[in-house]
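Q: One structure is given below, represented as structure tokens, and several questions about it will come after.
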Amino acid sequence: MTTIDTAAITVELPEAFDARWSRLPGIQIDGRRITIDPADYFFRFESSTWLIADWELVKEQLLNVNETTESAVEQLALDFIKQHSQSTSDAARVLSTAYEAYTYLFREEHLTGLGIPQITPAHLRMLREAATLMALNKVELDGHISNVGPCWFFPAATSIVFDLDDETGGMLDEVYHGGWFNEHRRIESIKAHAALGGRLVHGCQSGGVVAPYGASMANFRDDRAQFKAGWIEQVYAHRVITAA
């Protein structure tokens, strides 16, 4: 029998996260310090190891490499992961790596070309924070979803934390899994997610997981369908009701 380490996860990041993340169970924010109690935070927590690569190495050896007719960007990322990734049980390192990757992906220089003027730098911060926490979600090669936290359900979690109405939450979700990752930024995303050992897969509700290349998407879809509705409802149960 495998014993999963459920010790508290503590990380200090370069930027303070919004204190309202503490509205979700099992997570506490103290400035730049984040503490997660896996037993309370995760709906399912079956694996305490993740595949990551050093972000500085990704920047130096992958971000500026262009695909060719012989080597598509996905193959470049896969080769890099094979050569440079390593398994870690240090969840703080995963979060730190994810923070660097998403600070790169959701950077303000992209706003001018997005064509959605209502998206602001504040919205990019929401995307960075939620995506960083999503890095602890995990899918196995057979498609089984081993780790699921509330940030799997991106619109639900961000609406609770940031007091978003349904329209704004839906808009942010569309940006996250649609409009943001156009072809240019999709290529950026594939390269950046090599630091997290795979490719971004949008689970519905959007959000989801960085899945390893080769993971069974059919099994992933079937597993997701079994838990989605009930766990989304549990996330929304933490909505803060303000007096009229």
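Labels for the structure tokens follow display order: chains A, B, ..., residues from 1 in each chain, ligands from 1.
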Please identify the alpha helix (DSSP H) residues within region 54-100 of chain A (assignment by DSSP from backbone atoms) and present them as a list in words.

A: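 Selection result, alpha helix (DSSP H) within region 54-100 of chain A: Trp55, Glu56, Leu57, Val58, Lys59, Glu60, Gln61, Val73, Glu74, Gln75, Leu76, Ala77, Leu78, Asp79, Phe80, Ile81, Lys82, Gln83, His84, Ala91, Ala92, Arg93, Val94, Leu95, Ser96, Thr97, Ala98, Tyr99 and Glu100 of chain A.
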
Q: Any chance you could export the current selection's C-alpha atoms as a tab-separated table (two decimals), in the first residue's frame?

A:
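So selection29.tsv came out as:
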```tsv
chain	number	residue	atom	x	y	z
A	55	TRP	CA	12.61	27.10	-15.51
A	56	GLU	CA	15.93	28.81	-16.19
A	57	LEU	CA	16.88	25.88	-18.41
A	58	VAL	CA	13.56	26.18	-20.26
A	59	LYS	CA	14.28	29.86	-20.88
A	60	GLU	CA	17.82	29.19	-22.05
A	61	GLN	CA	17.29	26.10	-24.21
A	73	VAL	CA	7.11	22.40	-31.35
A	74	GLU	CA	5.45	19.49	-29.53
A	75	GLN	CA	8.40	17.27	-30.44
A	76	LEU	CA	10.82	19.94	-29.22
A	77	ALA	CA	8.99	20.06	-25.90
A	78	LEU	CA	8.81	16.28	-25.62
A	79	ASP	CA	12.53	15.91	-26.31
A	80	PHE	CA	13.33	18.59	-23.75
A	81	ILE	CA	11.15	16.87	-21.13
A	82	LYS	CA	12.86	13.53	-21.78
A	83	GLN	CA	16.30	15.08	-21.39
A	84	HIS	CA	15.81	17.53	-18.55
A	91	ALA	CA	5.21	20.56	-4.07
A	92	ALA	CA	6.66	23.98	-3.22
A	93	ARG	CA	9.11	23.56	-6.09
A	94	VAL	CA	6.23	22.71	-8.41
A	95	LEU	CA	4.37	25.85	-7.39
A	96	SER	CA	7.48	28.00	-7.76
A	97	THR	CA	8.14	26.59	-11.24
A	98	ALA	CA	4.51	27.09	-12.23
A	99	TYR	CA	4.57	30.68	-10.99
A	100	GLU	CA	7.55	31.43	-13.25
```

Q: As number ranges by chain, which residues of region 58-236 of chain A does DSSP assign to strand (DSSP E)?

A: A: 86-88, 138-139, 145-148, 199-202, 208-211

Q: Between A:His123, A:Arg107, A:His144, A:Arg44, which is the closest to Asp222 (chain A) once you count only C-alpha atoms?

A: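 Of the candidates, the smallest distance to Asp222 (chain A) is held by A:His144.
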
Q: Residues at most 12 Å from region 173-177 of chain A, counting only C-alpha atoms, excluding those fewer than 5 positions away in the same chain, as a VMD selection string?

A: chain A and resid 102 105 to 106 110 to 111 114 to 120 123 to 124 126 to 128 130 to 131 152 to 159 164 166 to 168 182 185 to 186 189 200 to 209

Q: Nearest to Arg20 (chain A): which of A:Asp54, A:Asp163, A:Glu233, A:Asp5 is it, counting only C-alpha atoms?

A: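 Looking at the shortest contact to Arg20 (chain A), the residue is A:Asp163.
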
Q: Please, what distance in Å, to one decimal, runs between CA of Thr10 (chain A) and CA of Val148 (chain A)?

A: 18.1 Å
